[in-house]
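Participant: Supplied structure: target_6.cif, mmCIF, C-alpha atoms.
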```
data_my_file
#
loop_
_atom_site.label_atom_id
_atom_site.label_comp_id
_atom_site.auth_asym_id
_atom_site.auth_seq_id
_atom_site.Cartn_x
_atom_site.Cartn_y
_atom_site.Cartn_z
CA MET W 1 35.66 27.74 4.74
CA THR W 2 32.72 27.57 2.35
CA PRO W 3 29.77 25.19 2.89
CA LEU W 4 30.72 21.61 1.93
CA GLY W 5 34.12 22.99 0.92
CA ALA W 6 32.66 23.84 -2.50
CA THR W 7 33.78 26.83 -4.53
CA GLU W 8 31.88 30.07 -4.20
CA ALA W 9 31.13 29.92 -7.92
CA ASP W 10 29.54 26.45 -7.68
CA LEU W 11 27.50 27.40 -4.62
CA ALA W 12 26.29 30.55 -6.36
CA ALA W 13 25.34 28.57 -9.48
CA VAL W 14 23.32 26.03 -7.48
CA THR W 15 21.64 28.79 -5.45
CA SER W 16 20.72 30.60 -8.66
CA LEU W 17 19.03 27.48 -10.05
CA VAL W 18 16.94 27.12 -6.90
CA ARG W 19 15.98 30.79 -6.81
CA ALA W 20 15.08 30.79 -10.51
CA ALA W 21 12.57 28.00 -9.92
CA GLY W 22 10.41 30.56 -8.09
CA THR W 23 9.67 28.25 -5.19
CA SER W 24 9.41 28.77 -1.45
CA PHE W 25 11.84 25.88 -1.11
CA TYR W 26 14.78 28.32 -1.21
CA ARG W 27 13.63 30.21 1.86
CA GLY W 28 12.30 27.15 3.65
CA MET W 29 15.70 25.45 3.61
CA ARG W 30 17.33 28.41 5.34
CA VAL W 31 16.50 26.74 8.64
CA LEU W 32 19.30 24.25 7.91
CA PRO W 33 23.00 24.69 8.74
CA PRO W 34 25.01 25.79 5.66
CA ASP W 35 26.44 22.36 4.72
CA ARG W 36 23.03 20.70 4.86
CA ARG W 37 21.30 23.67 3.21
CA PHE W 38 23.56 23.58 0.16
CA ALA W 39 23.26 19.80 -0.05
CA MET W 40 19.50 20.32 -0.28
CA TYR W 41 19.92 23.07 -2.86
CA ALA W 42 21.98 20.68 -4.99
CA ILE W 43 19.42 17.88 -4.57
CA TYR W 44 16.64 20.26 -5.58
CA ALA W 45 18.66 21.54 -8.57
CA PHE W 46 19.21 17.94 -9.73
CA CYS W 47 15.47 17.22 -9.43
CA ARG W 48 14.61 20.43 -11.27
CA ILE W 49 16.97 19.61 -14.14
CA VAL W 50 15.70 16.07 -14.72
CA ASP W 51 12.10 17.25 -14.33
CA ASP W 52 12.69 19.89 -17.01
CA ILE W 53 14.04 17.17 -19.30
CA ALA W 54 10.91 15.07 -18.74
CA ASP W 55 8.58 18.05 -19.25
CA GLY W 56 10.35 19.36 -22.33
CA GLU W 57 8.87 19.46 -25.83
CA ALA W 58 11.37 16.98 -27.29
CA ALA W 59 10.27 13.48 -28.26
CA PHE W 60 10.89 10.68 -25.76
CA ALA W 61 13.63 9.25 -28.00
CA ARG W 62 15.59 12.46 -27.44
CA LYS W 63 14.83 12.70 -23.73
CA LEU W 64 15.99 9.19 -22.88
CA PRO W 65 19.69 9.80 -23.68
CA GLU W 66 19.61 12.94 -21.52
CA LEU W 67 18.12 11.01 -18.61
CA ASP W 68 20.66 8.21 -19.12
CA ALA W 69 23.44 10.79 -19.07
CA TRP W 70 22.22 11.89 -15.65
CA ARG W 71 22.21 8.29 -14.44
CA GLN W 72 25.85 8.11 -15.44
CA ARG W 73 26.62 11.42 -13.73
CA ILE W 74 25.03 10.11 -10.53
CA ASP W 75 27.09 6.91 -10.69
CA ARG W 76 30.28 8.93 -11.09
CA LEU W 77 29.54 10.95 -7.94
CA TRP W 78 30.51 7.92 -5.87
CA GLN W 79 33.86 7.96 -7.64
CA GLY W 80 34.33 11.63 -6.80
CA GLU W 81 33.81 12.70 -10.42
CA ALA W 82 31.69 15.65 -11.51
CA ASP W 83 31.24 17.74 -14.65
CA GLY W 84 29.46 20.91 -13.56
CA PRO W 85 28.37 23.06 -10.62
CA VAL W 86 25.41 20.88 -9.61
CA THR W 87 27.31 17.61 -9.75
CA ARG W 88 30.35 19.13 -8.03
CA VAL W 89 28.22 20.24 -5.08
CA LEU W 90 26.36 16.92 -5.12
CA ALA W 91 29.66 15.03 -5.03
CA ARG W 92 30.60 16.90 -1.87
CA ALA W 93 27.16 16.26 -0.39
CA VAL W 94 27.49 12.54 -1.15
CA ALA W 95 30.85 12.53 0.62
CA ALA W 96 29.46 14.40 3.64
CA PHE W 97 26.08 12.72 4.15
CA PRO W 98 24.68 9.17 3.72
CA LEU W 99 22.82 9.92 0.51
CA ARG W 100 21.95 6.79 -1.46
CA GLN W 101 22.67 6.22 -5.11
CA ALA W 102 19.47 4.22 -5.57
CA ASP W 103 17.34 7.19 -4.51
CA PHE W 104 18.86 9.45 -7.17
CA HIS W 105 18.21 6.74 -9.74
CA ALA W 106 14.63 6.36 -8.53
CA VAL W 107 13.99 10.06 -9.18
CA ILE W 108 15.24 9.69 -12.75
CA ASP W 109 13.13 6.55 -13.19
CA GLY W 110 10.07 8.50 -12.07
CA MET W 111 10.76 11.25 -14.57
CA GLN W 112 11.13 8.60 -17.27
CA MET W 113 7.73 7.16 -16.32
CA ASP W 114 6.23 10.59 -16.83
CA CYS W 115 7.68 11.19 -20.28
CA ALA W 116 7.67 7.70 -21.81
CA ALA W 117 3.89 8.04 -22.17
CA ALA W 118 1.29 10.37 -20.70
CA ILE W 119 0.11 9.01 -17.34
CA VAL W 120 -3.68 8.78 -17.54
CA ALA W 121 -5.81 7.11 -14.85
CA PRO W 122 -3.03 4.82 -13.61
CA GLU W 123 -3.85 1.79 -11.52
CA ARG W 124 -3.27 2.51 -7.86
CA THR W 125 -0.12 0.36 -7.71
CA VAL W 126 1.35 2.26 -10.66
CA LEU W 127 0.42 5.59 -9.10
CA ASP W 128 2.04 4.52 -5.86
CA LEU W 129 5.23 3.54 -7.68
CA TYR W 130 5.24 6.91 -9.46
CA CYS W 131 4.80 8.75 -6.14
CA ASP W 132 7.56 6.68 -4.58
CA ARG W 133 9.98 7.60 -7.35
CA VAL W 134 9.24 11.28 -7.91
CA ALA W 135 8.47 12.27 -4.32
CA VAL W 136 9.36 9.65 -1.71
CA ALA W 137 12.84 9.09 -3.16
CA VAL W 138 13.42 12.85 -2.87
CA GLY W 139 12.23 12.56 0.72
CA ARG W 140 14.71 9.79 1.45
CA LEU W 141 17.51 11.96 0.11
CA SER W 142 16.21 14.95 2.03
CA VAL W 143 15.95 13.37 5.49
CA ARG W 144 19.56 12.28 5.18
CA ALA W 145 20.61 15.78 4.23
CA PHE W 146 18.50 17.09 7.14
CA GLY W 147 20.50 14.91 9.54
CA ASP W 148 18.49 11.73 10.21
CA ALA W 149 19.13 8.47 8.33
CA SER W 150 17.11 6.27 10.70
CA PRO W 151 14.31 3.87 9.66
CA ALA W 152 11.88 6.32 11.28
CA ALA W 153 13.16 9.08 8.99
CA ASP W 154 12.58 6.83 5.98
CA ALA W 155 9.05 6.27 7.30
CA VAL W 156 8.59 10.06 7.34
CA ALA W 157 9.71 10.17 3.71
CA HIS W 158 7.35 7.31 2.86
CA GLY W 159 4.30 9.10 4.22
CA LEU W 160 5.15 12.73 3.59
CA GLY W 161 6.35 12.19 0.04
CA ARG W 162 3.10 10.48 -0.91
CA ALA W 163 1.03 13.11 0.89
CA LEU W 164 2.80 15.93 -0.93
CA GLN W 165 2.50 14.29 -4.33
CA LEU W 166 -1.20 13.50 -3.93
CA THR W 167 -1.76 17.10 -2.83
CA ASN W 168 0.02 18.32 -5.96
CA ILE W 169 -2.13 16.02 -8.09
CA LEU W 170 -5.33 17.44 -6.61
CA ARG W 171 -4.11 21.03 -6.84
CA ASP W 172 -2.93 20.71 -10.46
CA LEU W 173 -5.83 18.80 -12.06
CA THR W 174 -6.52 21.49 -14.68
CA GLU W 175 -2.87 22.07 -15.54
CA ASP W 176 -2.23 18.34 -15.88
CA ALA W 177 -5.35 17.80 -18.02
CA ALA W 178 -4.11 20.49 -20.41
CA ARG W 179 -1.01 18.33 -20.87
CA GLY W 180 -3.12 15.22 -21.48
CA ARG W 181 -2.50 13.76 -18.03
CA LEU W 182 -4.77 12.52 -15.25
CA TYR W 183 -3.00 11.20 -12.17
CA LEU W 184 -6.07 10.13 -10.18
CA ALA W 185 -6.13 6.39 -9.51
CA ARG W 186 -8.14 4.33 -11.96
CA GLU W 187 -9.92 2.51 -9.15
CA ASP W 188 -11.18 5.79 -7.68
CA LEU W 189 -12.35 7.05 -11.07
CA ASP W 190 -14.11 3.78 -11.89
CA ALA W 191 -15.85 3.69 -8.52
CA ALA W 192 -17.42 7.06 -9.39
CA ASN W 193 -17.99 6.21 -13.09
CA VAL W 194 -15.63 9.00 -14.12
CA PRO W 195 -14.23 8.63 -17.67
CA HIS W 196 -10.48 8.29 -18.05
CA ASP W 197 -10.19 11.05 -20.62
CA PRO W 198 -8.61 14.01 -18.74
CA ALA W 199 -10.85 16.73 -20.19
CA ALA W 200 -14.03 14.70 -19.77
CA ALA W 201 -13.08 13.67 -16.22
CA LEU W 202 -12.78 17.28 -15.05
CA ILE W 203 -16.40 18.08 -15.90
CA HIS W 204 -17.92 14.80 -14.75
CA PRO W 205 -20.17 15.01 -11.66
CA GLY W 206 -18.44 12.00 -10.13
CA LEU W 207 -15.06 13.74 -10.05
CA ALA W 208 -15.70 14.98 -6.50
CA ILE W 209 -16.01 11.40 -5.27
CA ALA W 210 -12.67 10.38 -6.79
CA CYS W 211 -10.94 13.52 -5.52
CA THR W 212 -12.38 13.14 -2.03
CA ALA W 213 -11.00 9.59 -1.89
CA THR W 214 -7.57 10.86 -2.99
CA ALA W 215 -7.64 13.66 -0.42
CA ALA W 216 -8.51 11.18 2.33
CA ARG W 217 -5.56 9.04 1.30
CA ALA W 218 -3.29 12.10 1.42
CA ARG W 219 -4.58 12.94 4.92
CA GLY W 220 -3.72 9.42 6.01
CA TYR W 221 -0.18 9.80 4.72
CA PHE W 222 0.23 13.15 6.51
CA ALA W 223 -0.80 11.40 9.74
CA GLU W 224 1.59 8.53 9.05
CA ALA W 225 4.48 10.96 8.60
CA ALA W 226 3.60 12.91 11.75
CA LEU W 227 3.56 9.71 13.77
CA ALA W 228 6.95 8.61 12.42
CA MET W 229 8.46 12.02 13.23
CA ARG W 230 8.04 11.28 16.93
CA ASP W 231 10.85 8.74 16.65
CA CYS W 232 13.15 11.03 14.68
CA ASP W 233 15.74 13.63 15.60
CA ARG W 234 13.50 16.61 16.35
CA ARG W 235 15.90 19.26 15.11
CA ALA W 236 16.61 17.37 11.89
CA MET W 237 12.90 17.11 11.15
CA ARG W 238 12.21 20.87 11.31
CA PRO W 239 12.17 21.27 7.51
CA ALA W 240 9.96 18.18 7.15
CA ARG W 241 7.49 19.55 9.70
CA LEU W 242 7.43 22.87 7.85
CA MET W 243 6.82 21.17 4.51
CA GLY W 244 4.15 18.93 6.01
CA ALA W 245 2.30 21.84 7.61
CA THR W 246 2.48 23.90 4.41
CA TYR W 247 1.16 21.16 2.17
CA ALA W 248 -1.52 20.09 4.64
CA ALA W 249 -2.73 23.70 4.56
CA ILE W 250 -2.69 23.66 0.75
CA LEU W 251 -4.72 20.45 0.77
CA GLY W 252 -7.21 22.14 3.08
CA ARG W 253 -7.51 25.05 0.64
CA VAL W 254 -8.05 22.64 -2.26
CA GLU W 255 -10.75 20.77 -0.32
CA ARG W 256 -12.55 23.99 0.62
CA ARG W 257 -12.43 25.21 -2.98
CA GLY W 258 -14.08 21.97 -4.04
CA TRP W 259 -13.98 20.05 -7.31
CA ARG W 260 -16.12 22.21 -9.59
CA ASP W 261 -14.23 25.52 -9.79
CA LEU W 262 -10.89 23.92 -10.59
CA ASP W 263 -9.49 27.07 -12.19
CA VAL W 264 -9.63 28.93 -8.87
CA PRO W 265 -6.06 28.92 -7.46
CA ALA W 266 -5.61 27.17 -4.11
CA ARG W 267 -2.77 29.36 -2.86
CA LEU W 268 -2.00 30.09 0.76
CA PRO W 269 -2.42 33.74 1.79
CA ALA W 270 0.61 35.57 3.14
CA TRP W 271 -0.71 35.55 6.72
CA GLN W 272 -1.03 31.77 6.69
CA LYS W 273 2.48 31.28 5.30
CA LEU W 274 3.81 33.56 8.04
CA TRP W 275 1.85 31.71 10.72
CA ILE W 276 3.24 28.36 9.58
CA ALA W 277 6.75 29.80 9.46
CA LEU W 278 6.43 31.18 12.98
CA ARG W 279 4.82 27.97 14.24
CA TYR W 280 7.82 25.95 13.08
CA GLY W 281 10.47 28.48 13.93
CA VAL W 282 11.22 29.72 10.44
CA VAL W 283 10.55 33.34 9.57
CA GLN W 284 11.02 33.82 5.82
CA ARG W 285 12.48 37.18 4.90
#
```
Once you've parsed the file, please lay out its structure as structure tokens.
Facilitator:
Amino acid sequence: MTPLGATEADLAAVTSLVRAAGTSFYRGMRVLPPDRRFAMYAIYAFCRIVDDIADGEAAFARKLPELDAWRQRIDRLWQGEADGPVTRVLARAVAAFPLRQADFHAVIDGMQMDCAAAIVAPERTVLDLYCDRVAVAVGRLSVRAFGDASPAADAVAHGLGRALQLTNILRDLTEDAARGRLYLAREDLDAANVPHDPAAALIHPGLAIACTATAARARGYFAEAALAMRDCDRRAMRPARLMGATYAAILGRVERRGWRDLDVPARLPAWQKLWIALRYGVVQR
């Protein structure tokens, strides 16, 4: 029997979408049993599709109907209805695991926040809401697919999702500024007298102060997630521990690079990726 009882063609289509994204996610999820692995592939494919809608060149007026169409597709999953490979695999994942409709909707809401208007120097509460939607909601779906739907697992998602998103923000400052975006909290920028204009912010001497504050907040969230993991199913949390260790290492690279040479990539070397994989019992081949 195939994973989740899905057709080979649908599983292959979802796998292809994940592989095409060029992410280590595909290999990282191989630690999971087949049913849970393909549930995660389908969740990732859904996130990738709605993210591509939000990041596309079309005007917001054209993006909104596409995002609304995905809200309707998500609603129909709970009626056992699907209209393509991704939704067919998701429908089976929804039937197999306690995935929550509200979390799928939250992801779409986060993408809508990002394309309704460029996010520039958001207030901390707005930034936190954005992180909750685009990252923590994915975490809440993920821990359920991993095999733990406990309050402690949701606490892992709460901390780890925010830590990962803040790390991405710090890593991608230049790329985001080129798109007219600046995701650093307004309060942190103002405390360092950094202008809100993305291009001007990146060359301001106070940027390091704002980024250091953001990095410290991310470190706190990593610690929060690690503490919550102690009360979770240890086997189910293996992928979360792997993701946490990987992103904490990326944050370390970003911090060591500093906040002046922002064009220098903060990638992990192959030896460090292998060490993390071995440390958490996942050798990526």
Participant: As a check of understanding, name the residues that the PyMOL selection byres ((chain W and resi 99) around 10) selects in the supplied structure, as a list of chain:residue names.
Facilitator: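 This file, filtered by the PyMOL selection byres ((chain W and resi 99) around 10), leaves W:Ala39, W:Leu90, W:Ala93, W:Val94, W:Ala95, W:Ala96, W:Phe97, W:Pro98, W:Arg100, W:Gln101, W:Ala102, W:Asp103, W:Phe104, W:Arg140, W:Leu141, W:Ser142, W:Val143, W:Arg144, W:Ala145, W:Ala149.
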Participant: Please evaluate the PyMOL selection byres ((chain W and resi 89) around 8) against the structure above and give the resulting residues as a list of chain:residue names.
Facilitator: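 Selection result, ordered by chain and number: W:Leu4, W:Ala6, W:Asp10, W:Leu11, W:Val14, W:Phe38, W:Ala39, W:Ala42, W:Pro85, W:Val86, W:Thr87, W:Arg88, W:Leu90, W:Ala91, W:Arg92, W:Ala93.
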Participant: Please write as an mmCIF file with C-alpha atoms, in the coordinates of the input the full residue list that the PyMOL selection byres ((chain W and resi 232) around 8) yields on this file.
Facilitator:
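Saved file selection_7.cif follows:
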```cif
data_model
loop_
_atom_site.group_PDB
_atom_site.id
_atom_site.type_symbol
_atom_site.label_atom_id
_atom_site.label_comp_id
_atom_site.auth_asym_id
_atom_site.auth_seq_id
_atom_site.Cartn_x
_atom_site.Cartn_y
_atom_site.Cartn_z
ATOM 1 C CA ASP W 148 18.490 11.730 10.210
ATOM 2 C CA SER W 150 17.110 6.270 10.700
ATOM 3 C CA ALA W 152 11.880 6.320 11.280
ATOM 4 C CA ALA W 153 13.160 9.080 8.990
ATOM 5 C CA ALA W 228 6.950 8.610 12.420
ATOM 6 C CA MET W 229 8.460 12.020 13.230
ATOM 7 C CA ARG W 230 8.040 11.280 16.930
ATOM 8 C CA ASP W 231 10.850 8.740 16.650
ATOM 9 C CA ASP W 233 15.740 13.630 15.600
ATOM 10 C CA ARG W 234 13.500 16.610 16.350
ATOM 11 C CA ALA W 236 16.610 17.370 11.890
ATOM 12 C CA MET W 237 12.900 17.110 11.150
#
```
Participant: Would you pick out the contacts of Pro3 (chain W) at 6 Å or less, using all atoms listed in the file, so that residues sharing its chain but fewer than 2 positions from it are not included, and give the list as a ChimeraX atom specification?
Facilitator: /W:5,34-35
Participant: Separation of CA of Leu160 (chain W) and CA of Ala215 (chain W), in Å?
Facilitator: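 CA of Leu160 (chain W) sits 13.4 Å away from CA of Ala215 (chain W).
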Participant: State, in Å with one decimal place, the distance from CA of Ala213 (chain W) to CA of Ala118 (chain W).
Facilitator: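 Atom-to-atom, CA of Ala213 (chain W) and CA of Ala118 (chain W) are spaced 22.5 Å apart.
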Participant: Between CA of Ala135 (chain W) and CA of Ala13 (chain W), what is the distance, to one decimal in Å?
Facilitator: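 Pair CA of Ala135 (chain W) / CA of Ala13 (chain W) returns 24.0 Å.
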Participant: Measuring between only C-alpha atoms, which one of W:Val194, W:Ala117, W:His105, W:Ala20 shows the shortest distance to Asp75 (chain W)?
Facilitator: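 For Asp75 (chain W), the nearest of the given residues is W:His105.
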